[in-house]
file model.csv (CSV, C-alpha atoms)
chain,number,residue,atom,x,y,z
A,1,MET,CA,16.1,36.8,3.3
A,2,ILE,CA,13.2,35.5,1.3
A,3,VAL,CA,11.4,32.4,2.8
A,4,GLU,CA,9.9,29.9,0.4
A,5,PHE,CA,8.0,26.6,1.1
A,6,LEU,CA,8.4,23.6,-1.1
A,7,ASP,CA,5.0,22.4,-2.2
A,8,GLU,CA,5.3,19.3,0.0
A,9,ALA,CA,6.2,21.4,3.1
A,10,ARG,CA,3.1,23.7,2.5
A,11,GLN,CA,0.9,20.6,2.3
A,12,GLU,CA,2.4,19.1,5.4
A,13,LEU,CA,1.7,22.3,7.3
A,14,ILE,CA,-1.9,22.4,6.1
A,15,GLU,CA,-2.5,18.7,7.1
A,16,ALA,CA,-0.9,19.2,10.5
A,17,ALA,CA,-3.0,22.3,11.2
A,18,LEU,CA,-6.2,20.4,10.2
A,19,TRP,CA,-5.3,17.5,12.4
A,20,TYR,CA,-4.8,19.8,15.4
A,21,GLU,CA,-8.1,21.5,14.7
A,22,GLY,CA,-9.8,18.1,14.8
A,23,LYS,CA,-8.2,17.5,18.2
A,24,GLU,CA,-9.3,20.7,19.8
A,25,PRO,CA,-10.9,23.9,18.4
A,26,GLY,CA,-8.3,26.7,18.1
A,27,LEU,CA,-5.4,24.4,18.5
A,28,ASP,CA,-4.6,24.8,14.8
A,29,ARG,CA,-4.2,28.5,15.3
A,30,ARG,CA,-1.7,27.9,18.1
A,31,PHE,CA,0.2,25.5,15.9
A,32,ARG,CA,0.3,27.9,13.0
A,33,HIS,CA,1.4,30.7,15.3
A,34,GLU,CA,4.3,28.6,16.6
A,35,ILE,CA,5.3,27.7,13.0
A,36,ALA,CA,5.2,31.4,12.1
A,37,PHE,CA,7.4,32.2,15.2
A,38,VAL,CA,10.0,29.6,14.1
A,39,ILE,CA,10.0,30.9,10.5
A,40,ASP,CA,10.6,34.4,11.8
A,41,ARG,CA,13.5,33.2,13.9
A,42,ILE,CA,15.0,31.4,10.9
A,43,SER,CA,14.6,34.4,8.6
A,44,GLU,CA,16.3,36.7,11.2
A,45,GLU,CA,19.3,34.4,11.9
A,46,PRO,CA,19.4,31.5,9.4
A,47,PHE,CA,23.0,30.6,10.2
A,48,LEU,CA,22.3,30.2,13.9
A,49,TRP,CA,21.6,26.5,13.4
A,50,HIS,CA,24.5,24.3,12.2
A,51,GLU,CA,24.4,22.6,8.8
A,52,ARG,CA,23.8,18.9,9.0
A,53,ASP,CA,24.8,16.0,6.7
A,54,GLY,CA,22.9,16.6,3.5
A,55,GLY,CA,23.3,20.4,3.6
A,56,TYR,CA,20.2,21.3,5.6
A,57,ARG,CA,19.6,23.0,8.9
A,58,ARG,CA,16.8,22.1,11.4
A,59,VAL,CA,14.9,24.1,14.0
A,60,ASN,CA,12.7,22.4,16.6
A,61,CYS,CA,9.4,23.9,17.5
A,62,PRO,CA,9.3,24.9,21.2
A,63,ILE,CA,5.9,23.3,22.1
A,64,PHE,CA,4.6,21.2,19.3
A,65,PRO,CA,6.5,18.0,18.3
A,66,TYR,CA,7.6,19.3,14.9
A,67,TYR,CA,10.7,20.6,13.4
A,68,LEU,CA,11.4,22.7,10.3
A,69,PRO,CA,14.3,21.6,8.0
A,70,PHE,CA,15.6,24.2,5.7
A,71,PHE,CA,18.2,25.0,3.1
A,72,ILE,CA,19.9,28.3,2.4
A,73,ARG,CA,20.3,29.0,-1.3
A,74,GLY,CA,21.8,32.5,-1.9
A,75,GLU,CA,19.3,35.0,-0.5
A,76,LYS,CA,16.5,32.4,-0.1
A,77,ILE,CA,15.6,30.1,2.8
A,78,ILE,CA,13.8,27.0,1.4
A,79,LEU,CA,11.6,25.3,3.9
A,80,ALA,CA,11.8,21.6,2.9
A,81,ALA,CA,9.1,20.2,5.3
A,82,VAL,CA,7.2,20.5,8.5
A,83,ALA,CA,8.2,17.3,10.0
A,84,HIS,CA,7.0,15.4,13.1
A,85,ALA,CA,9.8,15.0,15.6

call {"tool": "encode", "arguments": {"input": "model.csv", "output": "structure tokens"}}
result
Amino acid sequence: MIVEFLDEARQELIEAALWYEGKEPGLDRRFRHEIAFVIDRISEEPFLWHERDGGYRRVNCPIFPYYLPFFIRGEKIILAAVAHA
């Protein structure tokens, strides 16, 4: 499946990575690596997570306090946000 970010989600990811970089050098790379790991999991098995009210699915990050809400639209996975849990 094709994974696409809404513009707002992309901006939230950039802002979160910059915030982590300000906390500790290199922490932004760890954050981005974790986000990439979660996106890979979503793209491999998008139906693994149940659909919630509103028609979206949600995956929690294993380490960082974030989750990725997404929608499945045909052959596309639309990442709606990078949200703080």

call {"tool": "residues_around", "arguments": {"input": "model.csv", "residues": "Asp7 in chain A", "least_positions_apart": "3", "cutoff": "12 Å", "atoms": "all atoms listed in the file", "output": "ChimeraX atom specification"}}
result
/A:4,10-14,78-82

call {"tool": "atom_distance", "arguments": {"input": "model.csv", "atom1": "CA of Ala85 in chain A", "atom2": "CA of Ile63 in chain A"}}
result
11.2 Å

call {"tool": "atom_distance", "arguments": {"input": "model.csv", "atom1": "CA of Ile72 in chain A", "atom2": "CA of His33 in chain A"}}
result
22.7 Å

call {"tool": "closest_residue", "arguments": {"input": "model.csv", "among": "A:Lys23, A:Arg52, A:Ile35, A:Cys61", "to": "Ala9 in chain A", "atoms": "only C-alpha atoms"}}
result
A:Ile35

call {"tool": "atom_distance", "arguments": {"input": "model.csv", "atom1": "CA of Val59 in chain A", "atom2": "CA of Glu8 in chain A"}}
result
17.6 Å

call {"tool": "residues_around", "arguments": {"input": "model.csv", "residues": "Ala83 in chain A", "least_positions_apart": "6", "cutoff": "8 Å", "atoms": "only C-alpha atoms", "output": "PyMOL selection string"}}
result
chain A and resi 12+66-69

call {"tool": "axis_aligned_box", "arguments": {"input": "model.csv", "around": "range 47-61 of chain A", "padding_each_side": "5 Å", "output": "JSON"}}
result
{"center_x": 17.1, "center_y": 23.3, "center_z": 10.5, "size_x": 25.4, "size_y": 24.6, "size_z": 24.0}

call {"tool": "closest_residue", "arguments": {"input": "model.csv", "among": "A:Ile42, A:Val3, A:Arg29, A:Glu24", "to": "Lys76 in chain A", "atoms": "all atoms listed in the file"}}
result
A:Val3

call {"tool": "residues_around", "arguments": {"input": "model.csv", "residues": "Ala17 in chain A", "least_positions_apart": "4", "cutoff": "8 Å", "atoms": "all atoms listed in the file", "output": "tab-separated table (two decimals) with C-alpha atoms, in the coordinates of the input"}}
result
chain	number	residue	atom	x	y	z
A	13	LEU	CA	1.70	22.30	7.30
A	21	GLU	CA	-8.10	21.50	14.70
A	27	LEU	CA	-5.40	24.40	18.50
A	28	ASP	CA	-4.60	24.80	14.80
A	29	ARG	CA	-4.20	28.50	15.30
A	31	PHE	CA	0.20	25.50	15.90
A	32	ARG	CA	0.30	27.90	13.00

call {"tool": "closest_residue", "arguments": {"input": "model.csv", "among": "A:Gly74, A:Pro62, A:Gly54, A:Pro46", "to": "Arg30 in chain A", "atoms": "only C-alpha atoms"}}
result
A:Pro62

call {"tool": "closest_residue", "arguments": {"input": "model.csv", "among": "A:Gly26, A:Asn60, A:Ile77, A:Ile2", "to": "Phe47 in chain A", "atoms": "all atoms listed in the file"}}
result
A:Ile77

call {"tool": "closest_residue", "arguments": {"input": "model.csv", "among": "A:Phe70, A:Gly22, A:Glu44, A:Trp49", "to": "Phe5 in chain A", "atoms": "only C-alpha atoms"}}
result
A:Phe70

call {"tool": "decode", "arguments": {"input": "model.csv", "residues": "range 62-74 of chain A", "atoms": "all heavy atoms", "output": "PDB file, in the first residue's frame"}}
result
ATOM      1  N   PRO A  62       6.254   2.453  20.321  1.00  0.00           N
ATOM      2  CA  PRO A  62       6.692   1.614  21.435  1.00  0.00           C
ATOM      3  C   PRO A  62       7.426   2.372  22.542  1.00  0.00           C
ATOM      4  O   PRO A  62       7.297   2.015  23.707  1.00  0.00           O
ATOM      5  CB  PRO A  62       7.620   0.585  20.798  1.00  0.00           C
ATOM      6  CG  PRO A  62       7.568   0.778  19.346  1.00  0.00           C
ATOM      7  CD  PRO A  62       6.817   2.035  19.061  1.00  0.00           C
ATOM      8  N   ILE A  63       8.190   3.412  22.203  1.00  0.00           N
ATOM      9  CA  ILE A  63       9.014   4.093  23.217  1.00  0.00           C
ATOM     10  C   ILE A  63       8.556   5.524  23.448  1.00  0.00           C
ATOM     11  O   ILE A  63       8.306   5.926  24.572  1.00  0.00           O
ATOM     12  CB  ILE A  63      10.498   4.077  22.800  1.00  0.00           C
ATOM     13  CG1 ILE A  63      10.994   2.626  22.727  1.00  0.00           C
ATOM     14  CG2 ILE A  63      11.351   4.892  23.771  1.00  0.00           C
ATOM     15  CD1 ILE A  63      12.344   2.449  22.102  1.00  0.00           C
ATOM     16  N   PHE A  64       8.459   6.286  22.386  1.00  0.00           N
ATOM     17  CA  PHE A  64       8.091   7.695  22.515  1.00  0.00           C
ATOM     18  C   PHE A  64       6.584   7.827  22.744  1.00  0.00           C
ATOM     19  O   PHE A  64       5.810   7.006  22.270  1.00  0.00           O
ATOM     20  CB  PHE A  64       8.513   8.468  21.260  1.00  0.00           C
ATOM     21  CG  PHE A  64      10.000   8.636  21.147  1.00  0.00           C
ATOM     22  CD1 PHE A  64      10.781   7.691  20.495  1.00  0.00           C
ATOM     23  CD2 PHE A  64      10.628   9.738  21.699  1.00  0.00           C
ATOM     24  CE1 PHE A  64      12.146   7.844  20.390  1.00  0.00           C
ATOM     25  CE2 PHE A  64      11.993   9.896  21.607  1.00  0.00           C
ATOM     26  CZ  PHE A  64      12.763   8.946  20.948  1.00  0.00           C
ATOM     27  N   PRO A  65       6.168   8.863  23.473  1.00  0.00           N
ATOM     28  CA  PRO A  65       4.737   9.007  23.812  1.00  0.00           C
ATOM     29  C   PRO A  65       3.911   9.619  22.679  1.00  0.00           C
ATOM     30  O   PRO A  65       3.319  10.681  22.822  1.00  0.00           O
ATOM     31  CB  PRO A  65       4.776   9.922  25.041  1.00  0.00           C
ATOM     32  CG  PRO A  65       5.966  10.794  24.798  1.00  0.00           C
ATOM     33  CD  PRO A  65       6.983   9.889  24.132  1.00  0.00           C
ATOM     34  N   TYR A  66       3.912   8.942  21.540  1.00  0.00           N
ATOM     35  CA  TYR A  66       3.180   9.396  20.367  1.00  0.00           C
ATOM     36  C   TYR A  66       2.379   8.239  19.794  1.00  0.00           C
ATOM     37  O   TYR A  66       2.670   7.074  20.059  1.00  0.00           O
ATOM     38  CB  TYR A  66       4.132   9.923  19.282  1.00  0.00           C
ATOM     39  CG  TYR A  66       4.656  11.294  19.589  1.00  0.00           C
ATOM     40  CD1 TYR A  66       5.729  11.469  20.449  1.00  0.00           C
ATOM     41  CD2 TYR A  66       4.067  12.420  19.036  1.00  0.00           C
ATOM     42  CE1 TYR A  66       6.208  12.728  20.759  1.00  0.00           C
ATOM     43  CE2 TYR A  66       4.539  13.683  19.334  1.00  0.00           C
ATOM     44  CZ  TYR A  66       5.597  13.835  20.194  1.00  0.00           C
ATOM     45  OH  TYR A  66       6.054  15.086  20.494  1.00  0.00           O
ATOM     46  N   TYR A  67       1.398   8.578  18.998  1.00  0.00           N
ATOM     47  CA  TYR A  67       0.673   7.578  18.236  1.00  0.00           C
ATOM     48  C   TYR A  67       0.413   8.121  16.835  1.00  0.00           C
ATOM     49  O   TYR A  67       0.457   9.330  16.607  1.00  0.00           O
ATOM     50  CB  TYR A  67      -0.630   7.149  18.915  1.00  0.00           C
ATOM     51  CG  TYR A  67      -1.666   8.232  19.064  1.00  0.00           C
ATOM     52  CD1 TYR A  67      -2.604   8.449  18.068  1.00  0.00           C
ATOM     53  CD2 TYR A  67      -1.726   9.019  20.205  1.00  0.00           C
ATOM     54  CE1 TYR A  67      -3.566   9.433  18.198  1.00  0.00           C
ATOM     55  CE2 TYR A  67      -2.677  10.004  20.344  1.00  0.00           C
ATOM     56  CZ  TYR A  67      -3.605  10.209  19.341  1.00  0.00           C
ATOM     57  OH  TYR A  67      -4.550  11.189  19.470  1.00  0.00           O
ATOM     58  N   LEU A  68       0.177   7.212  15.910  1.00  0.00           N
ATOM     59  CA  LEU A  68      -0.096   7.581  14.527  1.00  0.00           C
ATOM     60  C   LEU A  68      -1.516   7.167  14.161  1.00  0.00           C
ATOM     61  O   LEU A  68      -1.795   5.976  14.025  1.00  0.00           O
ATOM     62  CB  LEU A  68       0.888   6.887  13.579  1.00  0.00           C
ATOM     63  CG  LEU A  68       2.361   7.211  13.782  1.00  0.00           C
ATOM     64  CD1 LEU A  68       3.210   6.356  12.863  1.00  0.00           C
ATOM     65  CD2 LEU A  68       2.624   8.669  13.538  1.00  0.00           C
ATOM     66  N   PRO A  69      -2.420   8.120  14.017  1.00  0.00           N
ATOM     67  CA  PRO A  69      -3.752   7.793  13.515  1.00  0.00           C
ATOM     68  C   PRO A  69      -3.711   7.760  11.988  1.00  0.00           C
ATOM     69  O   PRO A  69      -3.028   8.569  11.356  1.00  0.00           O
ATOM     70  CB  PRO A  69      -4.613   8.943  14.025  1.00  0.00           C
ATOM     71  CG  PRO A  69      -3.677  10.083  14.181  1.00  0.00           C
ATOM     72  CD  PRO A  69      -2.325   9.500  14.469  1.00  0.00           C
ATOM     73  N   PHE A  70      -4.425   6.801  11.398  1.00  0.00           N
ATOM     74  CA  PHE A  70      -4.418   6.699   9.946  1.00  0.00           C
ATOM     75  C   PHE A  70      -5.755   6.190   9.433  1.00  0.00           C
ATOM     76  O   PHE A  70      -6.533   5.586  10.155  1.00  0.00           O
ATOM     77  CB  PHE A  70      -3.270   5.800   9.464  1.00  0.00           C
ATOM     78  CG  PHE A  70      -3.398   4.348   9.841  1.00  0.00           C
ATOM     79  CD1 PHE A  70      -3.931   3.424   8.955  1.00  0.00           C
ATOM     80  CD2 PHE A  70      -2.977   3.899  11.082  1.00  0.00           C
ATOM     81  CE1 PHE A  70      -4.046   2.082   9.299  1.00  0.00           C
ATOM     82  CE2 PHE A  70      -3.073   2.559  11.438  1.00  0.00           C
ATOM     83  CZ  PHE A  70      -3.610   1.650  10.550  1.00  0.00           C
ATOM     84  N   PHE A  71      -5.978   6.476   8.155  1.00  0.00           N
ATOM     85  CA  PHE A  71      -7.161   6.022   7.436  1.00  0.00           C
ATOM     86  C   PHE A  71      -6.711   5.138   6.288  1.00  0.00           C
ATOM     87  O   PHE A  71      -5.647   5.349   5.723  1.00  0.00           O
ATOM     88  CB  PHE A  71      -7.944   7.208   6.853  1.00  0.00           C
ATOM     89  CG  PHE A  71      -8.489   8.147   7.878  1.00  0.00           C
ATOM     90  CD1 PHE A  71      -7.753   9.237   8.298  1.00  0.00           C
ATOM     91  CD2 PHE A  71      -9.742   7.935   8.418  1.00  0.00           C
ATOM     92  CE1 PHE A  71      -8.254  10.112   9.249  1.00  0.00           C
ATOM     93  CE2 PHE A  71     -10.258   8.802   9.369  1.00  0.00           C
ATOM     94  CZ  PHE A  71      -9.514   9.889   9.784  1.00  0.00           C
ATOM     95  N   ILE A  72      -7.525   4.179   5.937  1.00  0.00           N
ATOM     96  CA  ILE A  72      -7.285   3.363   4.756  1.00  0.00           C
ATOM     97  C   ILE A  72      -8.294   3.798   3.707  1.00  0.00           C
ATOM     98  O   ILE A  72      -9.500   3.760   3.946  1.00  0.00           O
ATOM     99  CB  ILE A  72      -7.429   1.863   5.068  1.00  0.00           C
ATOM    100  CG1 ILE A  72      -6.413   1.458   6.126  1.00  0.00           C
ATOM    101  CG2 ILE A  72      -7.284   1.041   3.792  1.00  0.00           C
ATOM    102  CD1 ILE A  72      -6.610   0.046   6.650  1.00  0.00           C
ATOM    103  N   ARG A  73      -7.770   4.236   2.579  1.00  0.00           N
ATOM    104  CA  ARG A  73      -8.613   4.699   1.472  1.00  0.00           C
ATOM    105  C   ARG A  73      -8.166   3.974   0.204  1.00  0.00           C
ATOM    106  O   ARG A  73      -7.179   4.367  -0.417  1.00  0.00           O
ATOM    107  CB  ARG A  73      -8.495   6.209   1.273  1.00  0.00           C
ATOM    108  CG  ARG A  73      -8.974   7.029   2.457  1.00  0.00           C
ATOM    109  CD  ARG A  73     -10.484   6.882   2.638  1.00  0.00           C
ATOM    110  NE  ARG A  73     -10.983   7.715   3.699  1.00  0.00           N
ATOM    111  CZ  ARG A  73     -11.339   7.274   4.904  1.00  0.00           C
ATOM    112  NH1 ARG A  73     -11.244   6.000   5.194  1.00  0.00           N
ATOM    113  NH2 ARG A  73     -11.800   8.094   5.819  1.00  0.00           N
ATOM    114  N   GLY A  74      -8.847   2.890  -0.114  1.00  0.00           N
ATOM    115  CA  GLY A  74      -8.474   2.101  -1.281  1.00  0.00           C
ATOM    116  C   GLY A  74      -7.109   1.466  -1.063  1.00  0.00           C
ATOM    117  O   GLY A  74      -6.898   0.730  -0.111  1.00  0.00           O
TER     118      GLY A  74
END
